[in-house]
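One file, upload-v3.csv, carrying CSV, C-alpha atoms and all ligand atoms:
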```csv
chain,number,residue,atom,x,y,z
M,144,MET,CA,-8.3,-30.2,-20.7
M,145,SER,CA,-4.5,-30.4,-21.1
M,146,SER,CA,-2.7,-27.6,-19.4
M,147,VAL,CA,-1.5,-24.8,-21.7
M,148,VAL,CA,2.2,-24.1,-21.6
M,149,ALA,CA,2.9,-20.4,-22.2
M,150,LYS,CA,6.6,-19.9,-22.8
M,151,ILE,CA,8.0,-16.5,-21.8
M,152,VAL,CA,9.6,-15.0,-24.9
M,153,SER,CA,10.3,-11.5,-23.7
M,154,ALA,CA,10.1,-9.2,-20.7
M,155,LYS,CA,10.8,-5.5,-20.4
M,156,VAL,CA,10.7,-2.8,-17.8
M,157,ILE,CA,8.8,0.4,-18.6
M,158,VAL,CA,9.5,3.5,-16.5
M,159,THR,CA,7.1,6.5,-16.8
M,160,CYS,CA,6.4,9.6,-14.9
M,161,PRO,CA,2.9,10.9,-15.6
M,162,GLY,CA,3.1,13.2,-12.5
M,163,ARG,CA,5.0,10.6,-10.5
M,164,ASN,CA,7.4,7.7,-11.3
M,165,PHE,CA,6.0,4.2,-12.0
M,166,VAL,CA,8.0,1.1,-12.9
M,167,THR,CA,6.1,-1.6,-14.8
M,168,LEU,CA,7.2,-5.0,-15.9
M,169,LYS,CA,5.6,-6.4,-19.1
M,170,ILE,CA,6.0,-10.2,-19.8
M,171,GLU,CA,5.1,-11.6,-23.2
M,172,THR,CA,4.5,-15.3,-24.0
M,173,ASP,CA,4.5,-17.4,-27.1
M,174,GLN,CA,0.8,-17.7,-26.8
M,175,GLY,CA,0.4,-14.1,-27.9
M,176,VAL,CA,-0.7,-13.2,-24.3
M,177,TYR,CA,1.1,-10.7,-22.1
M,178,GLY,CA,0.8,-9.6,-18.5
M,179,ILE,CA,1.9,-6.5,-16.6
M,180,GLY,CA,3.0,-6.0,-13.0
M,181,ASP,CA,3.8,-3.0,-10.8
M,182,ALA,CA,7.4,-2.7,-9.6
M,183,THR,CA,7.4,0.8,-8.2
M,184,LEU,CA,9.4,1.5,-5.0
M,185,ASN,CA,9.0,5.2,-4.3
M,186,GLY,CA,12.3,7.1,-4.4
M,187,ARG,CA,14.3,4.0,-5.2
M,188,GLU,CA,12.7,3.1,-8.6
M,189,LEU,CA,15.8,2.5,-10.6
M,190,SER,CA,17.2,0.0,-8.1
M,191,VAL,CA,14.2,-2.3,-8.9
M,192,VAL,CA,14.7,-1.6,-12.6
M,193,ALA,CA,18.3,-2.8,-12.4
M,194,TYR,CA,17.4,-5.8,-10.3
M,195,LEU,CA,14.7,-6.8,-12.9
M,196,GLU,CA,16.8,-6.1,-15.9
M,197,GLU,CA,20.1,-7.5,-14.7
M,198,HIS,CA,19.1,-10.4,-12.4
M,199,VAL,CA,15.5,-11.4,-13.1
M,200,ILE,CA,14.6,-11.1,-16.7
M,201,PRO,CA,17.4,-13.2,-18.1
M,202,ASN,CA,16.1,-16.1,-15.8
M,203,LEU,CA,12.5,-15.7,-17.1
M,204,ILE,CA,13.1,-16.3,-20.8
M,205,GLY,CA,12.0,-19.7,-21.8
M,206,LYS,CA,10.1,-20.5,-18.5
M,207,ASP,CA,6.5,-21.5,-18.5
M,208,ALA,CA,4.5,-18.5,-17.4
M,209,GLN,CA,1.8,-20.8,-16.0
M,210,ARG,CA,4.1,-22.1,-13.3
M,211,ILE,CA,3.6,-19.1,-11.0
M,212,GLU,CA,4.4,-20.8,-7.8
M,213,ASP,CA,7.6,-22.4,-9.1
M,214,ILE,CA,8.8,-19.1,-10.6
M,215,TRP,CA,8.1,-17.4,-7.3
M,216,GLN,CA,10.1,-19.9,-5.4
M,217,PHE,CA,12.9,-19.7,-8.0
M,218,LEU,CA,13.2,-15.9,-7.5
M,219,TYR,CA,12.9,-16.0,-3.7
M,220,ARG,CA,14.8,-19.1,-2.6
M,221,GLY,CA,16.9,-19.4,-5.7
M,222,ALA,CA,18.4,-15.9,-5.2
M,223,TYR,CA,20.1,-16.9,-1.9
M,224,TRP,CA,19.9,-13.2,-0.8
M,225,ARG,CA,16.3,-13.1,0.3
M,226,ARG,CA,13.7,-10.5,1.2
M,227,GLY,CA,14.1,-6.7,1.2
M,228,PRO,CA,12.0,-4.1,-0.7
M,229,VAL,CA,14.0,-4.2,-3.9
M,230,THR,CA,14.0,-8.0,-4.3
M,231,MET,CA,10.4,-8.4,-3.2
M,232,SER,CA,9.1,-5.6,-5.4
M,233,ALA,CA,10.8,-7.2,-8.4
M,234,ILE,CA,9.3,-10.6,-7.5
M,235,ALA,CA,5.9,-8.9,-7.0
M,236,ALA,CA,6.1,-7.5,-10.5
M,237,VAL,CA,6.8,-10.9,-12.0
M,238,ASP,CA,4.1,-12.5,-9.9
M,239,THR,CA,1.4,-9.9,-10.8
M,240,ALA,CA,2.2,-10.2,-14.5
M,241,LEU,CA,2.0,-14.0,-14.3
M,242,TRP,CA,-1.4,-13.9,-12.6
M,243,ASP,CA,-2.5,-11.5,-15.3
M,244,ILE,CA,-1.3,-13.9,-18.0
M,245,LYS,CA,-3.0,-16.9,-16.3
M,246,GLY,CA,-6.3,-15.0,-16.2
M,247,LYS,CA,-6.1,-14.0,-19.8
M,248,ILE,CA,-5.3,-17.6,-20.9
M,249,ALA,CA,-8.1,-19.0,-18.8
M,250,GLY,CA,-10.5,-16.2,-19.9
M,251,LEU,CA,-11.1,-15.4,-16.2
M,252,PRO,CA,-10.6,-12.4,-14.0
M,253,VAL,CA,-7.9,-13.1,-11.3
M,254,TYR,CA,-10.4,-13.1,-8.4
M,255,GLN,CA,-12.0,-16.2,-10.0
M,256,LEU,CA,-8.7,-17.9,-10.1
M,257,LEU,CA,-8.2,-17.2,-6.4
M,258,GLY,CA,-11.5,-18.8,-5.4
M,259,GLY,CA,-14.2,-16.4,-6.5
M,260,ARG,CA,-16.0,-13.5,-4.9
M,261,SER,CA,-16.3,-13.0,-1.2
M,262,ARG,CA,-18.0,-9.6,-1.5
M,263,ASP,CA,-19.6,-7.3,-4.0
M,264,GLY,CA,-17.4,-4.3,-3.6
M,265,VAL,CA,-14.1,-3.4,-1.8
M,266,LEU,CA,-14.5,-0.9,1.0
M,267,VAL,CA,-11.9,1.8,0.6
M,268,TYR,CA,-10.7,4.8,2.5
M,269,GLY,CA,-9.6,8.1,1.1
M,270,HIS,CA,-7.3,10.8,2.5
M,271,ALA,CA,-8.6,14.1,4.1
M,272,ASN,CA,-5.6,16.3,4.7
M,273,GLY,CA,-5.8,19.8,6.1
M,274,SER,CA,-3.5,22.5,7.2
M,275,ASP,CA,-5.2,22.6,10.6
M,276,ILE,CA,-8.2,21.1,12.4
M,277,SER,CA,-11.0,23.1,10.8
M,278,HIS,CA,-9.4,22.6,7.3
M,279,THR,CA,-9.2,18.9,7.9
M,280,SER,CA,-12.8,18.8,9.0
M,281,GLU,CA,-13.8,20.6,5.7
M,282,GLU,CA,-11.8,18.0,3.8
M,283,VAL,CA,-13.6,15.2,5.6
M,284,ALA,CA,-16.9,16.8,4.5
M,285,ARG,CA,-15.7,16.8,0.9
M,286,TYR,CA,-14.7,13.2,1.0
M,287,LYS,CA,-18.1,12.3,2.5
M,288,GLU,CA,-19.7,14.2,-0.4
M,289,MET,CA,-17.7,12.1,-2.9
M,290,GLY,CA,-19.3,9.0,-1.3
M,291,TYR,CA,-16.5,7.7,1.0
M,292,ARG,CA,-17.6,5.8,4.0
M,293,ALA,CA,-14.1,5.6,5.5
M,294,ILE,CA,-11.7,8.5,5.7
M,295,ARG,CA,-8.1,8.9,6.9
M,296,ALA,CA,-7.7,12.3,8.6
M,297,GLN,CA,-4.3,14.0,8.9
M,298,SER,CA,-3.7,17.6,9.9
M,299,GLY,CA,-0.9,20.1,9.9
M,300,ILE,CA,0.2,21.1,13.4
M,301,PRO,CA,0.6,24.9,14.0
M,302,GLY,CA,4.3,25.7,14.4
M,303,VAL,CA,5.5,22.3,12.9
M,304,LYS,CA,7.0,22.5,9.4
M,305,GLY,CA,5.7,19.7,7.1
M,306,ALA,CA,3.7,17.5,9.5
M,307,TYR,CA,3.2,14.0,7.9
M,308,GLY,CA,0.3,13.6,5.4
M,309,VAL,CA,-0.4,17.2,4.6
M,310,GLY,CA,-0.1,17.7,0.8
M,311,ARG,CA,0.2,20.7,-1.4
M,312,GLY,CA,-2.8,19.8,-3.5
M,313,SER,CA,-6.1,18.7,-2.1
M,314,MET,CA,-6.6,15.5,-4.3
M,315,TYR,CA,-3.2,14.1,-5.2
M,316,TYR,CA,-0.8,14.1,-2.2
M,317,GLU,CA,2.7,13.3,-3.4
M,318,PRO,CA,5.3,13.2,-0.7
M,319,ALA,CA,8.3,12.4,-3.1
M,320,ASP,CA,8.5,15.8,-4.4
M,321,SER,CA,12.2,16.9,-4.8
M,322,THR,CA,15.4,15.5,-6.3
M,323,LEU,CA,17.1,15.4,-2.9
M,324,PRO,CA,14.9,14.8,0.3
M,325,GLU,CA,13.0,17.7,1.6
M,326,GLU,CA,13.7,18.3,5.3
M,327,THR,CA,10.6,18.4,7.6
M,328,VAL,CA,10.4,18.9,11.3
M,329,TRP,CA,8.8,16.7,13.9
M,330,ASN,CA,7.6,17.6,17.3
M,331,THR,CA,6.1,14.8,19.3
M,332,ARG,CA,4.7,16.9,22.2
M,333,SER,CA,2.8,19.2,19.8
M,334,TYR,CA,1.5,16.2,17.9
M,335,LEU,CA,0.3,14.3,21.0
M,336,ASN,CA,-1.5,17.5,22.2
M,337,TYR,CA,-3.1,18.3,18.9
M,338,THR,CA,-4.3,15.0,17.5
M,339,PRO,CA,-7.0,14.1,20.0
M,340,LYS,CA,-8.4,17.6,19.5
M,341,LEU,CA,-8.6,16.9,15.7
M,342,PHE,CA,-10.6,13.7,16.2
M,343,GLU,CA,-12.9,15.3,18.9
M,344,LYS,CA,-13.8,18.0,16.3
M,345,LEU,CA,-14.3,15.4,13.5
M,346,ARG,CA,-16.7,13.4,15.6
M,347,LEU,CA,-18.6,16.6,16.6
M,348,ASP,CA,-18.8,17.8,13.0
M,349,HIS,CA,-19.4,14.4,11.3
M,350,GLY,CA,-21.1,12.1,13.8
M,351,ASP,CA,-20.3,8.5,14.8
M,352,GLU,CA,-21.2,6.6,11.6
M,353,ILE,CA,-18.3,7.6,9.4
M,354,GLU,CA,-15.2,5.4,9.8
M,355,LEU,CA,-12.1,7.5,10.7
M,356,LEU,CA,-8.5,6.4,10.3
M,357,HIS,CA,-5.2,8.0,11.2
M,358,ASP,CA,-1.6,7.4,10.2
M,359,VAL,CA,1.2,8.1,12.7
M,360,HIS,CA,3.8,7.2,10.1
M,361,HIS,CA,6.3,5.6,12.5
M,362,ARG,CA,6.9,8.8,14.6
M,363,LEU,CA,6.3,7.7,18.2
M,364,THR,CA,8.0,5.5,20.8
M,365,PRO,CA,5.9,2.5,22.0
M,366,LEU,CA,4.9,4.3,25.2
M,367,GLU,CA,3.9,7.5,23.3
M,368,ALA,CA,2.0,5.3,20.9
M,369,ALA,CA,0.1,3.7,23.8
M,370,GLN,CA,-0.7,7.2,25.2
M,371,LEU,CA,-2.0,8.4,21.8
M,372,GLY,CA,-4.1,5.2,21.3
M,373,LYS,CA,-5.6,5.8,24.8
M,374,SER,CA,-6.4,9.4,24.2
M,375,LEU,CA,-8.1,8.5,20.9
M,376,GLU,CA,-10.3,5.8,22.3
M,377,PRO,CA,-13.4,8.1,22.8
M,378,TYR,CA,-13.4,8.8,19.0
M,379,LYS,CA,-13.5,5.2,18.0
M,380,LEU,CA,-11.0,5.1,15.2
M,381,PHE,CA,-11.2,2.4,12.6
M,382,TRP,CA,-7.4,2.2,13.1
M,383,MET,CA,-4.3,3.9,14.2
M,384,GLU,CA,-1.5,3.1,11.7
M,385,ASP,CA,2.2,2.6,12.1
M,386,SER,CA,2.2,4.2,15.5
M,387,THR,CA,5.8,3.1,16.1
M,388,PRO,CA,8.5,1.6,13.8
M,389,ALA,CA,7.9,-2.1,13.6
M,390,GLU,CA,11.3,-3.6,13.0
M,391,ASN,CA,11.0,-4.7,16.6
M,392,GLN,CA,7.6,-6.6,16.5
M,393,GLU,CA,7.7,-7.0,20.3
M,394,ALA,CA,7.3,-3.3,20.8
M,395,PHE,CA,3.6,-3.6,20.0
M,396,LYS,CA,3.0,-5.7,23.2
M,397,LEU,CA,3.4,-2.5,25.2
M,398,ILE,CA,1.0,-0.5,23.0
M,399,ARG,CA,-1.5,-3.3,23.0
M,400,GLN,CA,-1.5,-3.6,26.8
M,401,HIS,CA,-2.6,0.0,27.1
M,402,THR,CA,-5.2,0.7,24.4
M,403,THR,CA,-8.2,-0.7,22.6
M,404,THR,CA,-7.7,1.6,19.6
M,405,PRO,CA,-7.3,-0.9,16.7
M,406,LEU,CA,-3.8,-1.1,15.3
M,407,ALA,CA,-2.7,-1.4,11.7
M,408,VAL,CA,0.9,-2.0,10.5
M,409,GLY,CA,2.8,-3.3,7.5
M,410,GLU,CA,2.9,-1.1,4.5
M,411,ILE,CA,6.7,-1.3,4.5
M,412,PHE,CA,6.9,-5.0,5.2
M,413,ASN,CA,8.0,-7.2,2.4
M,414,THR,CA,7.4,-10.8,3.7
M,415,ILE,CA,5.4,-12.9,6.1
M,416,TRP,CA,8.5,-13.0,8.4
M,417,ASP,CA,8.2,-9.2,9.0
M,418,CYS,CA,4.7,-9.7,10.5
M,419,LYS,CA,4.7,-13.2,11.8
M,420,ASP,CA,5.1,-12.3,15.5
M,421,LEU,CA,2.7,-9.4,15.3
M,422,ILE,CA,0.1,-11.7,13.8
M,423,GLN,CA,0.6,-14.7,15.9
M,424,ASN,CA,0.6,-12.7,19.2
M,425,GLN,CA,-2.5,-10.8,18.0
M,426,LEU,CA,-0.7,-7.5,18.5
M,427,ILE,CA,-2.3,-5.9,15.5
M,428,ASP,CA,-5.8,-5.8,14.0
M,429,TYR,CA,-5.0,-5.0,10.4
M,430,ILE,CA,-2.1,-6.1,8.2
M,431,ARG,CA,-1.2,-3.5,5.5
M,432,THR,CA,1.2,-5.5,3.3
M,433,THR,CA,0.3,-5.0,-0.4
M,434,VAL,CA,0.9,-6.7,-3.7
M,435,VAL,CA,3.8,-4.7,-5.0
M,436,HIS,CA,6.0,-4.5,-1.9
M,437,ALA,CA,5.2,-8.0,-0.4
M,438,GLY,CA,6.0,-10.4,-3.2
M,439,GLY,CA,2.8,-10.3,-5.2
M,440,ILE,CA,-0.5,-12.0,-5.0
M,441,THR,CA,1.2,-15.4,-4.3
M,442,HIS,CA,2.9,-14.2,-1.1
M,443,LEU,CA,0.2,-11.8,0.0
M,444,ARG,CA,-2.2,-14.7,0.0
M,445,ARG,CA,0.1,-16.6,2.4
M,446,ILE,CA,0.2,-13.6,4.8
M,447,ALA,CA,-3.6,-13.2,4.7
M,448,ASP,CA,-4.1,-16.9,5.4
M,449,LEU,CA,-1.8,-16.7,8.5
M,450,ALA,CA,-3.6,-13.5,9.6
M,451,SER,CA,-7.0,-15.2,9.3
M,452,LEU,CA,-6.1,-17.7,11.9
M,453,TYR,CA,-5.7,-14.9,14.4
M,454,GLN,CA,-8.7,-12.7,13.3
M,455,VAL,CA,-6.3,-10.1,11.8
M,456,ARG,CA,-7.8,-8.6,8.7
M,457,THR,CA,-6.3,-7.1,5.6
M,458,GLY,CA,-6.0,-3.3,5.0
M,459,SER,CA,-3.6,-3.0,2.1
M,460,HIS,CA,-1.5,0.0,1.4
M,461,GLY,CA,-2.9,1.9,-1.6
M,462,ALA,CA,-1.0,5.2,-1.8
M,463,THR,CA,-0.5,6.9,-5.2
M,464,ASP,CA,3.0,5.6,-5.5
M,465,LEU,CA,1.5,2.1,-6.0
M,466,SER,CA,0.5,2.1,-9.7
M,467,PRO,CA,-2.9,1.2,-11.1
M,468,ALA,CA,-1.4,-2.2,-12.0
M,469,CYS,CA,-0.9,-2.8,-8.2
M,470,MET,CA,-4.3,-1.4,-7.4
M,471,GLY,CA,-6.0,-3.7,-10.0
M,472,ALA,CA,-4.3,-6.8,-8.6
M,473,ALA,CA,-5.0,-5.7,-5.0
M,474,LEU,CA,-8.7,-5.3,-5.8
M,475,HIS,CA,-8.9,-8.9,-7.2
M,476,PHE,CA,-7.2,-10.0,-4.0
M,477,ASP,CA,-9.5,-7.9,-1.9
M,478,THR,CA,-12.6,-9.2,-3.7
M,479,TRP,CA,-11.6,-12.8,-2.9
M,480,VAL,CA,-9.7,-12.7,0.5
M,481,PRO,CA,-12.1,-13.9,3.3
M,482,ASN,CA,-10.5,-11.8,6.1
M,483,PHE,CA,-10.7,-8.5,4.2
M,484,GLY,CA,-10.8,-5.4,6.3
M,485,ILE,CA,-10.4,-2.3,4.1
M,486,GLN,CA,-8.3,-1.0,1.1
M,487,GLU,CA,-6.5,2.3,1.0
M,488,TYR,CA,-7.4,4.3,-2.1
M,489,MET,CA,-5.6,7.5,-3.0
M,490,ARG,CA,-6.7,8.6,-6.4
M,491,HIS,CA,-4.2,8.7,-9.3
M,492,THR,CA,-4.0,11.8,-11.5
M,493,PRO,CA,-6.0,11.7,-14.8
M,494,GLU,CA,-2.6,11.5,-16.6
M,495,THR,CA,-1.7,8.3,-14.7
M,496,ASP,CA,-5.2,6.8,-15.3
M,497,GLU,CA,-4.7,7.4,-19.0
M,498,VAL,CA,-1.3,5.7,-19.1
M,499,PHE,CA,-2.8,2.7,-17.2
M,500,PRO,CA,-6.3,2.0,-18.7
M,501,HIS,CA,-8.2,-0.1,-16.1
M,502,ASP,CA,-11.6,-1.6,-15.5
M,503,TYR,CA,-12.0,-0.8,-11.7
M,504,SER,CA,-14.2,2.1,-10.6
M,505,PHE,CA,-15.4,3.9,-7.5
M,506,ALA,CA,-19.0,4.3,-6.4
M,507,ASP,CA,-20.6,4.8,-2.9
M,508,GLY,CA,-17.4,4.2,-0.9
M,509,TYR,CA,-16.5,1.0,-2.7
M,510,LEU,CA,-14.1,0.1,-5.6
M,511,LYS,CA,-15.5,-2.5,-7.9
M,512,ILE,CA,-13.6,-4.6,-10.4
M,513,GLY,CA,-14.8,-5.6,-13.8
M,514,ASP,CA,-14.7,-9.1,-15.4
M,515,THR,CA,-11.9,-8.5,-17.8
M,516,PRO,CA,-9.7,-11.6,-18.0
M,517,GLY,CA,-6.5,-11.1,-15.9
M,518,HIS,CA,-6.3,-8.2,-13.5
M,519,GLY,CA,-8.0,-5.7,-15.7
M,520,VAL,CA,-5.1,-3.1,-16.0
M,521,ASP,CA,-3.1,-2.4,-19.1
M,522,ILE,CA,-0.3,0.1,-20.0
M,523,ASP,CA,-0.4,2.5,-23.0
M,524,GLU,CA,3.3,2.3,-23.9
M,525,LYS,CA,3.2,5.1,-26.4
M,526,LEU,CA,1.7,7.5,-23.9
M,527,ALA,CA,4.0,6.2,-21.1
M,528,ALA,CA,7.0,7.1,-23.3
M,529,LYS,CA,5.9,10.7,-23.3
M,530,TYR,CA,6.6,11.0,-19.5
M,531,PRO,CA,10.3,10.3,-18.9
M,532,TYR,CA,11.6,9.4,-15.5
M,533,GLU,CA,12.2,12.2,-13.0
M,534,PRO,CA,14.5,11.6,-10.0
M,535,LYS,CA,12.5,12.2,-6.8
M,536,GLN,CA,13.0,11.2,-3.2
M,537,LEU,CA,10.8,11.0,-0.1
M,538,PRO,CA,11.3,13.7,2.6
M,539,ILE,CA,13.2,13.1,5.8
M,540,ALA,CA,12.2,14.3,9.3
M,541,ARG,CA,14.3,15.9,12.0
M,542,LEU,CA,13.4,16.7,15.6
M,543,THR,CA,13.4,20.4,16.5
M,544,ASP,CA,17.0,20.0,17.8
M,545,GLY,CA,18.1,18.6,14.4
M,546,THR,CA,18.2,14.9,15.3
M,547,LEU,CA,17.2,12.7,12.4
M,548,TRP,CA,13.9,11.0,13.0
M,549,ASN,CA,11.6,8.6,11.2
M,550,TRP,CA,9.8,10.2,8.3
M,601,LIG,O1,5.9,6.2,-0.5
M,601,LIG,C1,5.5,6.4,0.8
M,601,LIG,C2,4.0,6.4,0.9
M,601,LIG,O2,3.4,5.3,0.2
M,601,LIG,C3,3.5,6.5,2.3
M,601,LIG,O3,4.1,7.6,3.0
M,601,LIG,C4,2.0,6.6,2.3
M,601,LIG,O4,2.0,6.0,4.7
M,601,LIG,C5,1.4,6.1,3.6
M,601,LIG,C6,0.0,5.6,3.5
M,601,LIG,O5,-0.5,5.1,4.6
M,601,LIG,O6,-0.6,5.8,2.5
M,602,MG,MG,0.9,4.7,6.0
```
I'd like the structure from this file rewritten - as structure tokens, please.
Amino acid sequence: MSSVVAKIVSAKVIVTCPGRNFVTLKIETDQGVYGIGDATLNGRELSVVAYLEEHVIPNLIGKDAQRIEDIWQFLYRGAYWRRGPVTMSAIAAVDTALWDIKGKIAGLPVYQLLGGRSRDGVLVYGHANGSDISHTSEEVARYKEMGYRAIRAQSGIPGVKGAYGVGRGSMYYEPADSTLPEETVWNTRSYLNYTPKLFEKLRLDHGDEIELLHDVHHRLTPLEAAQLGKSLEPYKLFWMEDSTPAENQEAFKLIRQHTTTPLAVGEIFNTIWDCKDLIQNQLIDYIRTTVVHAGGITHLRRIADLASLYQVRTGSHGATDLSPACMGAALHFDTWVPNFGIQEYMRHTPETDEVFPHDYSFADGYLKIGDTPGHGVDIDEKLAAKYPYEPKQLPIARLTDGTLWNW
């Protein structure tokens, strides 16, 4: 069969805020087939919009949408200024839309284009967030009742204003909640004292079978991270995430030497170069790069293949600021990728689900994709237009003496 050329005739960016902001790229071809990709960068949405509109879209018109790899290389190498969250989210949006188009033209779901199924369903983890230990334990119970087999547990710390991961609502935690950043307070000593007690209680209340995860959200030094990992060992976590900032990949050597608690890193990474040393030195167990912030399916596949050489498994970011278009693409990737570990799944609000009709669904702790050609997620543009953009930023954190810290 001769290959089908699908010329890109138009591309546009759709910004919508059905409860939170989402940026979506829609690419149309002369074959009457279109694809969509997520370009959302929480709190910095409009910088990706500008990058797409000013610097990417003019280059796409007239190109063959089937040449995914060449377009990826054009946008990455051809830009000269490589990497970074804005560039890589824009590239990801193009890449995701092109995989969607390729699937639709082939009449196949994206996981089939990648090499077919490696599993029946994608194990996901949800978020149990409580104001204190007993509240978090109640939330874990609620997530178990919903069918989750893996649950991330975060707790407020008495006396600490706005500890990470504790939302206002119980279902749809949204940290980017104000026009200018909300100021939260961080106290490492209180956190290191409190967190092992949280997991002791969770194991007592919920037994040893349920998988428990925890996100430190970049708050500790390497030595403190090592201490926390050690103190959590009796509670057999699935992973301890982002225990220290990872700009310096070497820092994880120290943590690794001291603890057998599995380590996950990478939701803010944008390329394979950000995690190369962590992977090659086997300093982590799970790599959290995801479709939208790490250059799309094309680049994520490269990261996962490198990781597979070192028995590092995937555990992609899946917070609500990643749109259903990212989640759909991620689930196709997860369904195929041989070294899959787990997928984060924070539920979107019903308003968001309506704007982005999709064919994935949750049952018994797993997300399952359908067989719709492409990645199975669409956008209802009329509905999207009813929710205009709202400027929102993520919070910041300060130590109790006022020093700016990592949020
Ligand atoms: O936009 C920031 C969120 O995506 C992030 O804070 C969520 O750390 C996060 C997680 O693990 O879901
Ligand atoms: Mg995280």
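Distance annotation: of M:Tyr530, M:Trp215, M:Tyr503, M:Trp416, the residue with the minimal separation from Arg163 of chain M is M:Tyr530; atom set is all atoms listed in the file.
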The residue from M:Glu494, M:Asp348, M:Asp544, M:Asp213 with the smallest atom-to-atom distance to Asn330 of chain M, counting only C-alpha atoms, is M:Asp544
What separates atom CA of Thr432 of chain M and atom CA of Gly227 of chain M is a distance of 13.1 Å
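Considering the residues M:Ala154, M:Leu184, M:Ala284, M:Ala368 and counting only C-alpha atoms and all ligand atoms, ligand LIG 601 (chain M) has its shortest atom-to-atom contact with M:Leu184.
Here the question is which of M:Thr463, M:Thr167, M:Thr230, M:Ser153 gets nearest to Asp523 of chain M using all atoms listed in the file, and that residue is M:Thr167.
Between atom CA of Ala473 of chain M and atom CA of Thr433 of chain M the separation is 7.1 Å.
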Shortest contact to ligand MG 602 (chain M), candidates M:Ser504, M:Gln486, M:Thr543, M:Thr492, atoms counted all atoms listed in the file, goes to M:Gln486
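Counting from atom CA of Gly517 of chain M, the distance to atom CA of Pro252 of chain M is 4.7 Å.
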Using only C-alpha atoms, which protein or nucleic acid residues come within 7 Å of segment 315-327 of chain M? Drop anything in the same chain fewer than 5 positions from it, and give the result as an MDAnalysis selection string. chainID M and resid 186 304:305 310 490:492 534:541
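Taking only C-alpha atoms into account, Pro500 of chain M lies nearest to M:Ile179 out of the set M:Phe217, M:Ile179, M:Leu203, M:Gln209.
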Contact check, chain M to ligand MG 602 (chain M), at most 9 Å, counting only C-alpha atoms and all ligand atoms, closest pairs as a Markdown table:
```
| residue | atom | partner | partner_atom | distance |
| --- | --- | --- | --- | --- |
| M:Gly308 | CA | M:MG602 | MG | 8.9 |
| M:His357 | CA | M:MG602 | MG | 8.7 |
| M:Asp358 | CA | M:MG602 | MG | 5.6 |
| M:Val359 | CA | M:MG602 | MG | 7.5 |
| M:His360 | CA | M:MG602 | MG | 5.6 |
| M:His361 | CA | M:MG602 | MG | 8.5 |
| M:Glu384 | CA | M:MG602 | MG | 6.4 |
| M:Asp385 | CA | M:MG602 | MG | 6.6 |
| M:Val408 | CA | M:MG602 | MG | 8.1 |
| M:Gly409 | CA | M:MG602 | MG | 8.4 |
| M:Glu410 | CA | M:MG602 | MG | 6.3 |
| M:Ile411 | CA | M:MG602 | MG | 8.5 |
| M:Arg431 | CA | M:MG602 | MG | 8.5 |
| M:His460 | CA | M:MG602 | MG | 7.0 |
| M:Gly461 | CA | M:MG602 | MG | 8.9 |
| M:Ala462 | CA | M:MG602 | MG | 8.0 |
```
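Contact shell of Tyr219 of chain M at 9 Å (all atoms listed in the file; same-chain neighbours under 3 positions omitted): Ile214, Trp215, Gln216, Ala222, Tyr223, Trp224, Arg225, Arg226, Thr230, Met231, Ile234 and Gly438 of chain M.
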Checklist entry - Could you pull the residues within 10 Å of Tyr453 of chain M, counting only C-alpha atoms, minus those fewer than 3 positions along the same chain, as a PyMOL selection string? => result chain M and resi 422-428+448-450+456
